[in-house]
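A.B. asks: Structure provided below as structure tokens; questions to follow.
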Amino acid sequence: MEHDKDCKTDHQSENESRLGSDDDDNEEDHNPHQREILNAAMQAGHILLENGAEIFRVEETMDRICRYYGIESGNSFVLSNGIFTTSGNEREEIFAKVQHIPVSGTHLDRVAAVNQLSREIEAGLVSLKEVRLRLDEIKIMPGKSKSMQIFASGVGSACFCYLFGGNIRDSVCAFVVGVLLYLYVLFISAPKLSKIVGNIGGGALVTFICTSLYLLRMGEHLNYMIIGSIMPLIPGVPFTNAIRDIADEDYISGSVRMMDALLVFFSIAMGVGLVFGVFHRLTGGALL
């Protein structure tokens with residue numbers, strides 16, 4: 001009897017040991033899967049924030065991905081140039097990651113692509129592996145060609161000039177100036193100059209060319225020509241996002257974006273003022 005009891009005890013201990021080993025294996029299998037989910041959410045947030053999305057959109061998308069794939073303790077804190085992600089409780093592995101994201105331009109095609117992907121995730125149409133592949137594709141999604149950007153700048157300048165009150169001749173001049181402006185932006189300002197210097201130069205270039213065309217009698221309303229031609233430099237999306245962030249009580253991020261937009265406005269105004277000052281001296285005030 002004692003021998004049978006000892007055998008039964010040994011057999012029970014062996015089963016408990018095997019069960020404990022199985023639990024450890026499941027936990028080890030679960031941890032890499034959890035990290036993969038959190039890294040995917042982090043990558044999605046990085047793409048959104050880097051390409052001009054609002055703070056609430058970034059946080060909402062990251063939370064949506066974590067929640068759908070079973071991460072209950074995920075928590076993200078998003079600023080205008082950084083993302084902090086943490087998770088972990090008694091049932092989930094502790095995870096923490098920080099990414100710095102410099103304030104850059106706007107690429108709304110990538111933002112729309114990530115939004116569409118998040119909807120497909122919630123609908124259960126995409127596996128986690130496919131999510132990482134899709135995010136890698138979105139990250140390298142090409143923007144508009146340089147020729148298209150230059151042409152769009154010219155058309156936009158002409159349309160704004162006409163919208164603000166210019167006539168056909170003013171709009172034609174604004175189209176030419178808009179094309180020249182974006183040639184400067186793409187080949188000189190963006191690759192070689194800082195944001196402040198580049199925008200001062202852009203404002204000065206627009207004012208100089210518009211004033212020259214006006215003095216040559218090719219345009220009739222100098223103010224409409226300058227206003228229309230300078231619109232491609234205006235940071236409309238960052239300024240709008242700054243207001244939305246402040247309205248959503250993301251005061252730090254909204255203030256940073258607002259300051260960045262106001263700095264661009266100030267730099268453009270400085271370039272315009274410098275050229276007007278030079279022409280004012282040269283013409284003895286006749287121009288203004």
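Labels for the structure tokens follow display order: chains A, B, ..., residues from 1 in each chain, ligands from 1.
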Would you list the contacts of range 240-242 of chain A as a PyMOL selection string, taking every protein, DNA or RNA residue within 7 Å and counting only C-alpha atoms, but skipping same-chain residues closer than 6 positions in sequence?
C.D. replies: chain A and resi 54+254-255+257-258
A.B. asks: Can you write out the residues you just picked, keeping all heavy atoms, as an mmCIF file, in the first residue's frame?
C.D. replies:
```
data_model
loop_
_atom_site.group_PDB
_atom_site.id
_atom_site.type_symbol
_atom_site.label_atom_id
_atom_site.label_comp_id
_atom_site.auth_asym_id
_atom_site.auth_seq_id
_atom_site.Cartn_x
_atom_site.Cartn_y
_atom_site.Cartn_z
ATOM 1 N N GLU A 54 -3.137 63.788 -37.065
ATOM 2 C CA GLU A 54 -3.403 64.405 -35.779
ATOM 3 C C GLU A 54 -3.040 63.438 -34.645
ATOM 4 O O GLU A 54 -2.998 62.226 -34.833
ATOM 5 C CB GLU A 54 -4.886 64.792 -35.659
ATOM 6 C CG GLU A 54 -5.402 65.639 -36.804
ATOM 7 C CD GLU A 54 -5.996 64.802 -37.928
ATOM 8 O OE1 GLU A 54 -5.471 63.704 -38.191
ATOM 9 O OE2 GLU A 54 -6.977 65.249 -38.539
ATOM 10 N N GLY A 254 -0.107 70.494 -29.775
ATOM 11 C CA GLY A 254 -0.710 71.589 -30.530
ATOM 12 C C GLY A 254 0.152 72.838 -30.510
ATOM 13 O O GLY A 254 0.295 73.531 -31.528
ATOM 14 N N SER A 255 0.753 73.136 -29.361
ATOM 15 C CA SER A 255 1.602 74.325 -29.252
ATOM 16 C C SER A 255 2.865 74.188 -30.103
ATOM 17 O O SER A 255 3.288 75.153 -30.755
ATOM 18 C CB SER A 255 1.985 74.549 -27.792
ATOM 19 O OG SER A 255 0.845 74.763 -26.996
ATOM 20 N N ARG A 257 3.239 72.337 -32.852
ATOM 21 C CA ARG A 257 2.871 72.459 -34.260
ATOM 22 C C ARG A 257 2.488 73.898 -34.610
ATOM 23 O O ARG A 257 2.796 74.384 -35.698
ATOM 24 C CB ARG A 257 1.713 71.519 -34.566
ATOM 25 C CG ARG A 257 2.135 70.058 -34.633
ATOM 26 C CD ARG A 257 0.990 69.156 -35.002
ATOM 27 N NE ARG A 257 1.464 67.813 -35.304
ATOM 28 C CZ ARG A 257 0.681 66.807 -35.635
ATOM 29 N NH1 ARG A 257 -0.625 66.990 -35.698
ATOM 30 N NH2 ARG A 257 1.198 65.618 -35.902
ATOM 31 N N MET A 258 1.803 74.560 -33.700
ATOM 32 C CA MET A 258 1.434 75.954 -33.943
ATOM 33 C C MET A 258 2.675 76.829 -34.050
ATOM 34 O O MET A 258 2.772 77.696 -34.926
ATOM 35 C CB MET A 258 0.529 76.444 -32.814
ATOM 36 C CG MET A 258 0.060 77.891 -32.980
ATOM 37 S SD MET A 258 -1.082 78.097 -34.358
ATOM 38 C CE MET A 258 -2.542 77.317 -33.687
#
```
A.B. asks: Residues within 9 Å of Val206 in chain A, please, as a list in words. Count only C-alpha atoms; anything in the same chain fewer than 5 positions from it doesn't count.
C.D. replies: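 Counting only C-alpha atoms, the residues come to Val177, Gly178, Leu180, Leu181, Gly201, Thr211, Ile226, Ser229, Ile230, Gly271 and Val272 of chain A.
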A.B. asks: Just N, CA and C atoms for this one: save the residues we selected as an mmCIF file, in the first residue's frame.
C.D. replies:
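What landed in result.cif:
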```cif
data_model
loop_
_atom_site.group_PDB
_atom_site.id
_atom_site.type_symbol
_atom_site.label_atom_id
_atom_site.label_comp_id
_atom_site.auth_asym_id
_atom_site.auth_seq_id
_atom_site.Cartn_x
_atom_site.Cartn_y
_atom_site.Cartn_z
ATOM 1 N N VAL A 177 5.219 82.169 -61.629
ATOM 2 C CA VAL A 177 5.934 82.339 -60.366
ATOM 3 C C VAL A 177 5.801 81.092 -59.493
ATOM 4 N N GLY A 178 4.615 80.473 -59.481
ATOM 5 C CA GLY A 178 4.420 79.259 -58.710
ATOM 6 C C GLY A 178 5.310 78.120 -59.191
ATOM 7 N N LEU A 180 8.261 78.488 -60.780
ATOM 8 C CA LEU A 180 9.629 78.830 -60.401
ATOM 9 C C LEU A 180 9.863 78.648 -58.905
ATOM 10 N N LEU A 181 8.834 78.971 -58.116
ATOM 11 C CA LEU A 181 8.953 78.812 -56.666
ATOM 12 C C LEU A 181 9.195 77.360 -56.291
ATOM 13 N N GLY A 201 13.960 82.761 -48.170
ATOM 14 C CA GLY A 201 14.328 82.820 -49.579
ATOM 15 C C GLY A 201 13.136 82.643 -50.502
ATOM 16 N N THR A 211 7.131 91.348 -58.475
ATOM 17 C CA THR A 211 7.359 92.788 -58.623
ATOM 18 C C THR A 211 7.989 93.106 -59.972
ATOM 19 N N ILE A 226 1.217 88.349 -55.652
ATOM 20 C CA ILE A 226 2.076 87.853 -54.566
ATOM 21 C C ILE A 226 1.314 86.894 -53.655
ATOM 22 N N SER A 229 0.801 83.550 -55.485
ATOM 23 C CA SER A 229 2.046 82.816 -55.746
ATOM 24 C C SER A 229 2.682 82.263 -54.488
ATOM 25 N N ILE A 230 2.403 82.868 -53.362
ATOM 26 C CA ILE A 230 3.070 82.462 -52.127
ATOM 27 C C ILE A 230 2.317 81.338 -51.400
ATOM 28 N N GLY A 271 10.894 87.458 -45.765
ATOM 29 C CA GLY A 271 11.394 87.487 -47.130
ATOM 30 C C GLY A 271 10.661 88.500 -47.986
ATOM 31 N N VAL A 272 9.330 88.540 -47.844
ATOM 32 C CA VAL A 272 8.539 89.517 -48.605
ATOM 33 C C VAL A 272 8.923 90.938 -48.204
#
```
A.B. asks: A:Asn89, A:Ser145, A:Asn199, A:Ser127: which is nearest Leu263 in chain A, counting only C-alpha atoms?
C.D. replies: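 Comparing A:Asn89, A:Ser145, A:Asn199, A:Ser127 against Leu263 in chain A, the winner is A:Asn199.
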A.B. asks: So, with only C-alpha atoms as the atoms that count, which of A:Leu38, A:Cys66, A:Cys173, A:Leu186 lies closest to Ala96 in chain A?
C.D. replies: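 Between A:Leu38, A:Cys66, A:Cys173, A:Leu186, the residue approaching Ala96 in chain A most closely is A:Leu38.
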A.B. asks: May I have the residues within 12 Å of Ala123 in chain A as a short mmCIF file (atom, residue, chain, number, x, y, z; two decimals) with all heavy atoms, in the first residue's frame, using only C-alpha atoms and disregarding those fewer than 4 positions away in the same chain?
C.D. replies:
```cif
data_model
loop_
_atom_site.label_atom_id
_atom_site.label_comp_id
_atom_site.auth_asym_id
_atom_site.auth_seq_id
_atom_site.Cartn_x
_atom_site.Cartn_y
_atom_site.Cartn_z
N ARG A 64 -6.48 50.73 -31.32
CA ARG A 64 -7.34 49.82 -32.08
C ARG A 64 -6.60 48.54 -32.46
O ARG A 64 -7.14 47.44 -32.34
CB ARG A 64 -7.86 50.53 -33.33
CG ARG A 64 -8.89 49.74 -34.12
CD ARG A 64 -9.32 50.51 -35.34
NE ARG A 64 -9.96 51.76 -34.96
CZ ARG A 64 -9.78 52.92 -35.57
NH1 ARG A 64 -8.93 53.00 -36.58
NH2 ARG A 64 -10.42 54.00 -35.18
N ILE A 65 -5.35 48.67 -32.90
CA ILE A 65 -4.56 47.50 -33.27
C ILE A 65 -4.29 46.62 -32.06
O ILE A 65 -4.45 45.39 -32.10
CB ILE A 65 -3.24 47.93 -33.94
CG1 ILE A 65 -3.52 48.62 -35.29
CG2 ILE A 65 -2.31 46.75 -34.14
CD1 ILE A 65 -2.30 49.23 -35.94
N TYR A 68 -7.60 44.85 -30.83
CA TYR A 68 -8.12 43.79 -31.69
C TYR A 68 -7.32 42.49 -31.54
O TYR A 68 -7.88 41.40 -31.52
CB TYR A 68 -8.10 44.23 -33.16
CG TYR A 68 -8.57 43.13 -34.09
CD1 TYR A 68 -9.93 42.88 -34.25
CD2 TYR A 68 -7.66 42.33 -34.77
CE1 TYR A 68 -10.37 41.85 -35.08
CE2 TYR A 68 -8.09 41.31 -35.60
CZ TYR A 68 -9.44 41.07 -35.75
OH TYR A 68 -9.87 40.06 -36.55
N TYR A 69 -6.00 42.63 -31.41
CA TYR A 69 -5.15 41.45 -31.32
C TYR A 69 -4.95 40.97 -29.88
O TYR A 69 -4.11 40.10 -29.63
CB TYR A 69 -3.80 41.72 -31.97
CG TYR A 69 -3.89 41.77 -33.48
CD1 TYR A 69 -3.66 42.96 -34.16
CD2 TYR A 69 -4.22 40.65 -34.23
CE1 TYR A 69 -3.75 43.03 -35.55
CE2 TYR A 69 -4.31 40.70 -35.61
CZ TYR A 69 -4.08 41.89 -36.26
OH TYR A 69 -4.17 41.95 -37.63
N GLN A 116 -7.05 53.04 -43.71
CA GLN A 116 -7.74 51.95 -44.37
C GLN A 116 -7.31 50.60 -43.80
O GLN A 116 -8.14 49.70 -43.60
CB GLN A 116 -7.46 52.00 -45.88
CG GLN A 116 -8.12 50.89 -46.69
CD GLN A 116 -9.63 50.92 -46.59
OE1 GLN A 116 -10.24 51.98 -46.47
NE2 GLN A 116 -10.24 49.76 -46.64
N LEU A 117 -6.02 50.46 -43.51
CA LEU A 117 -5.51 49.22 -42.94
C LEU A 117 -6.12 48.97 -41.56
O LEU A 117 -6.48 47.82 -41.23
CB LEU A 117 -3.99 49.27 -42.84
CG LEU A 117 -3.30 48.07 -42.18
CD1 LEU A 117 -3.60 46.79 -42.95
CD2 LEU A 117 -1.79 48.30 -42.10
N SER A 118 -6.26 50.00 -40.76
CA SER A 118 -6.83 49.83 -39.42
C SER A 118 -8.30 49.39 -39.50
O SER A 118 -8.76 48.60 -38.67
CB SER A 118 -6.71 51.13 -38.62
OG SER A 118 -7.55 52.14 -39.16
N ARG A 119 -9.02 49.88 -40.50
CA ARG A 119 -10.41 49.43 -40.69
C ARG A 119 -10.46 47.96 -41.08
O ARG A 119 -11.34 47.21 -40.63
CB ARG A 119 -11.10 50.29 -41.75
CG ARG A 119 -11.25 51.76 -41.38
CD ARG A 119 -12.10 52.50 -42.37
NE ARG A 119 -12.12 53.93 -42.12
CZ ARG A 119 -11.36 54.82 -42.74
NH1 ARG A 119 -10.50 54.41 -43.67
NH2 ARG A 119 -11.43 56.10 -42.45
N SER A 127 -4.28 39.43 -41.26
CA SER A 127 -3.54 38.77 -40.18
C SER A 127 -2.41 39.68 -39.71
O SER A 127 -2.06 40.66 -40.38
CB SER A 127 -2.96 37.44 -40.68
OG SER A 127 -1.96 37.66 -41.66
#
```
A.B. asks: Using only C-alpha atoms for the distances, tell me which of A:Thr207, A:Asn51, A:Asn223, A:Ser147 is nearest to Ile268 in chain A.
C.D. replies: A:Thr207
A.B. asks: I need the residue nearest Ile71 in chain A from this list: A:Lys97, A:His46, A:Arg35, A:Arg110. Use only C-alpha atoms for the distance.
C.D. replies: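 The closest residue to Ile71 in chain A is A:Arg35.
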A.B. asks: Identify, with DSSP run on backbone atoms, the residues in range 153-260 of chain A assigned to alpha helix (DSSP H), and express the list as a ChimeraX atom specification.
C.D. replies: /A:153-163,168-184,190-192,195-215,222-230,236-247,251-260
A.B. asks: Can you tell me, as a ChimeraX atom specification, what residues are no more than 12 Å from Gln149 in chain A when counting only C-alpha atoms, ignoring any on the same chain fewer than 5 positions away?
C.D. replies: /A:143-144,154-156,178-186,232
A.B. asks: Keeping N, CA and C atoms, export the residues of the selection given above as a PDB file, in the first residue's frame.
C.D. replies:
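Output (again.pdb):
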```pdb
ATOM      1  N   GLY A 143       5.780  59.398 -53.126  1.00  0.00           N
ATOM      2  CA  GLY A 143       4.934  60.572 -53.218  1.00  0.00           C
ATOM      3  C   GLY A 143       4.720  60.971 -54.670  1.00  0.00           C
ATOM      4  N   LYS A 144       4.177  62.146 -54.857  1.00  0.00           N
ATOM      5  CA  LYS A 144       3.966  62.654 -56.208  1.00  0.00           C
ATOM      6  C   LYS A 144       5.314  62.970 -56.851  1.00  0.00           C
ATOM      7  N   GLY A 154       2.098  75.628 -59.719  1.00  0.00           N
ATOM      8  CA  GLY A 154       1.720  76.677 -60.660  1.00  0.00           C
ATOM      9  C   GLY A 154       0.219  76.836 -60.765  1.00  0.00           C
ATOM     10  N   VAL A 155      -0.503  75.720 -60.886  1.00  0.00           N
ATOM     11  CA  VAL A 155      -1.963  75.780 -60.995  1.00  0.00           C
ATOM     12  C   VAL A 155      -2.578  76.342 -59.717  1.00  0.00           C
ATOM     13  N   GLY A 156      -2.078  75.882 -58.565  1.00  0.00           N
ATOM     14  CA  GLY A 156      -2.598  76.383 -57.303  1.00  0.00           C
ATOM     15  C   GLY A 156      -2.374  77.877 -57.140  1.00  0.00           C
ATOM     16  N   GLY A 178       4.615  80.473 -59.481  1.00  0.00           N
ATOM     17  CA  GLY A 178       4.420  79.259 -58.710  1.00  0.00           C
ATOM     18  C   GLY A 178       5.310  78.120 -59.191  1.00  0.00           C
ATOM     19  N   VAL A 179       5.472  78.006 -60.505  1.00  0.00           N
ATOM     20  CA  VAL A 179       6.363  76.984 -61.059  1.00  0.00           C
ATOM     21  C   VAL A 179       7.808  77.250 -60.641  1.00  0.00           C
ATOM     22  N   LEU A 180       8.261  78.488 -60.780  1.00  0.00           N
ATOM     23  CA  LEU A 180       9.629  78.830 -60.401  1.00  0.00           C
ATOM     24  C   LEU A 180       9.863  78.648 -58.905  1.00  0.00           C
ATOM     25  N   LEU A 181       8.834  78.971 -58.116  1.00  0.00           N
ATOM     26  CA  LEU A 181       8.953  78.812 -56.666  1.00  0.00           C
ATOM     27  C   LEU A 181       9.195  77.360 -56.291  1.00  0.00           C
ATOM     28  N   TYR A 182       8.446  76.441 -56.892  1.00  0.00           N
ATOM     29  CA  TYR A 182       8.610  75.042 -56.491  1.00  0.00           C
ATOM     30  C   TYR A 182       9.874  74.416 -57.058  1.00  0.00           C
ATOM     31  N   LEU A 183      10.372  74.943 -58.157  1.00  0.00           N
ATOM     32  CA  LEU A 183      11.702  74.532 -58.603  1.00  0.00           C
ATOM     33  C   LEU A 183      12.741  74.887 -57.542  1.00  0.00           C
ATOM     34  N   TYR A 184      12.588  76.086 -56.975  1.00  0.00           N
ATOM     35  CA  TYR A 184      13.485  76.513 -55.891  1.00  0.00           C
ATOM     36  C   TYR A 184      13.308  75.622 -54.659  1.00  0.00           C
ATOM     37  N   VAL A 185      12.055  75.308 -54.293  1.00  0.00           N
ATOM     38  CA  VAL A 185      11.787  74.497 -53.104  1.00  0.00           C
ATOM     39  C   VAL A 185      12.384  73.105 -53.243  1.00  0.00           C
ATOM     40  N   LEU A 186      12.184  72.463 -54.397  1.00  0.00           N
ATOM     41  CA  LEU A 186      12.599  71.071 -54.571  1.00  0.00           C
ATOM     42  C   LEU A 186      14.101  70.903 -54.744  1.00  0.00           C
ATOM     43  N   PRO A 232       1.743  78.158 -52.104  1.00  0.00           N
ATOM     44  CA  PRO A 232       2.386  76.836 -51.942  1.00  0.00           C
ATOM     45  C   PRO A 232       3.322  76.734 -50.741  1.00  0.00           C
TER      46      PRO A 232
END
```
A.B. asks: Just want the 7 Å neighbourhood of Gly52 in chain A, counted on only C-alpha atoms, with same-chain residues fewer than 3 positions away dropped. Output as a PDB file with all heavy atoms, in the first residue's frame.
C.D. replies:
```
ATOM      1  N   LEU A  48       1.880  57.408 -39.225  1.00  0.00           N
ATOM      2  CA  LEU A  48       0.856  58.449 -39.154  1.00  0.00           C
ATOM      3  C   LEU A  48       1.429  59.773 -38.689  1.00  0.00           C
ATOM      4  O   LEU A  48       1.206  60.824 -39.306  1.00  0.00           O
ATOM      5  CB  LEU A  48      -0.265  58.002 -38.209  1.00  0.00           C
ATOM      6  CG  LEU A  48      -1.202  56.909 -38.715  1.00  0.00           C
ATOM      7  CD1 LEU A  48      -2.124  56.449 -37.592  1.00  0.00           C
ATOM      8  CD2 LEU A  48      -2.016  57.398 -39.903  1.00  0.00           C
ATOM      9  N   LEU A  49       2.171  59.749 -37.579  1.00  0.00           N
ATOM     10  CA  LEU A  49       2.691  60.993 -37.008  1.00  0.00           C
ATOM     11  C   LEU A  49       3.706  61.639 -37.929  1.00  0.00           C
ATOM     12  O   LEU A  49       3.749  62.868 -38.068  1.00  0.00           O
ATOM     13  CB  LEU A  49       3.312  60.699 -35.645  1.00  0.00           C
ATOM     14  CG  LEU A  49       3.693  61.908 -34.790  1.00  0.00           C
ATOM     15  CD1 LEU A  49       2.464  62.738 -34.474  1.00  0.00           C
ATOM     16  CD2 LEU A  49       4.359  61.448 -33.498  1.00  0.00           C
ATOM     17  N   GLY A 105       7.326  66.885 -43.187  1.00  0.00           N
ATOM     18  CA  GLY A 105       6.266  67.315 -44.088  1.00  0.00           C
ATOM     19  C   GLY A 105       4.999  66.491 -43.935  1.00  0.00           C
ATOM     20  O   GLY A 105       4.811  65.727 -42.997  1.00  0.00           O
ATOM     21  N   THR A 106       4.124  66.642 -44.926  1.00  0.00           N
ATOM     22  CA  THR A 106       2.820  65.990 -44.910  1.00  0.00           C
ATOM     23  C   THR A 106       2.691  65.065 -46.107  1.00  0.00           C
ATOM     24  O   THR A 106       3.009  65.459 -47.232  1.00  0.00           O
ATOM     25  CB  THR A 106       1.697  67.039 -44.946  1.00  0.00           C
ATOM     26  OG1 THR A 106       1.848  67.924 -43.835  1.00  0.00           O
ATOM     27  CG2 THR A 106       0.337  66.384 -44.892  1.00  0.00           C
ATOM     28  N   HIS A 107       2.240  63.839 -45.851  1.00  0.00           N
ATOM     29  CA  HIS A 107       2.018  62.856 -46.920  1.00  0.00           C
ATOM     30  C   HIS A 107       0.684  62.177 -46.604  1.00  0.00           C
ATOM     31  O   HIS A 107       0.644  61.115 -45.978  1.00  0.00           O
ATOM     32  CB  HIS A 107       3.161  61.846 -46.955  1.00  0.00           C
ATOM     33  CG  HIS A 107       3.234  61.055 -48.230  1.00  0.00           C
ATOM     34  ND1 HIS A 107       2.126  60.520 -48.839  1.00  0.00           N
ATOM     35  CD2 HIS A 107       4.293  60.719 -49.021  1.00  0.00           C
ATOM     36  CE1 HIS A 107       2.478  59.876 -49.933  1.00  0.00           C
ATOM     37  NE2 HIS A 107       3.794  59.985 -50.066  1.00  0.00           N
TER      38      HIS A 107
END
```
A.B. asks: From the list A:Glu220, A:Asp248, A:Glu137, A:Glu72, which residue is nearest Gly88 in chain A when using only C-alpha atoms?
C.D. replies: A:Glu72
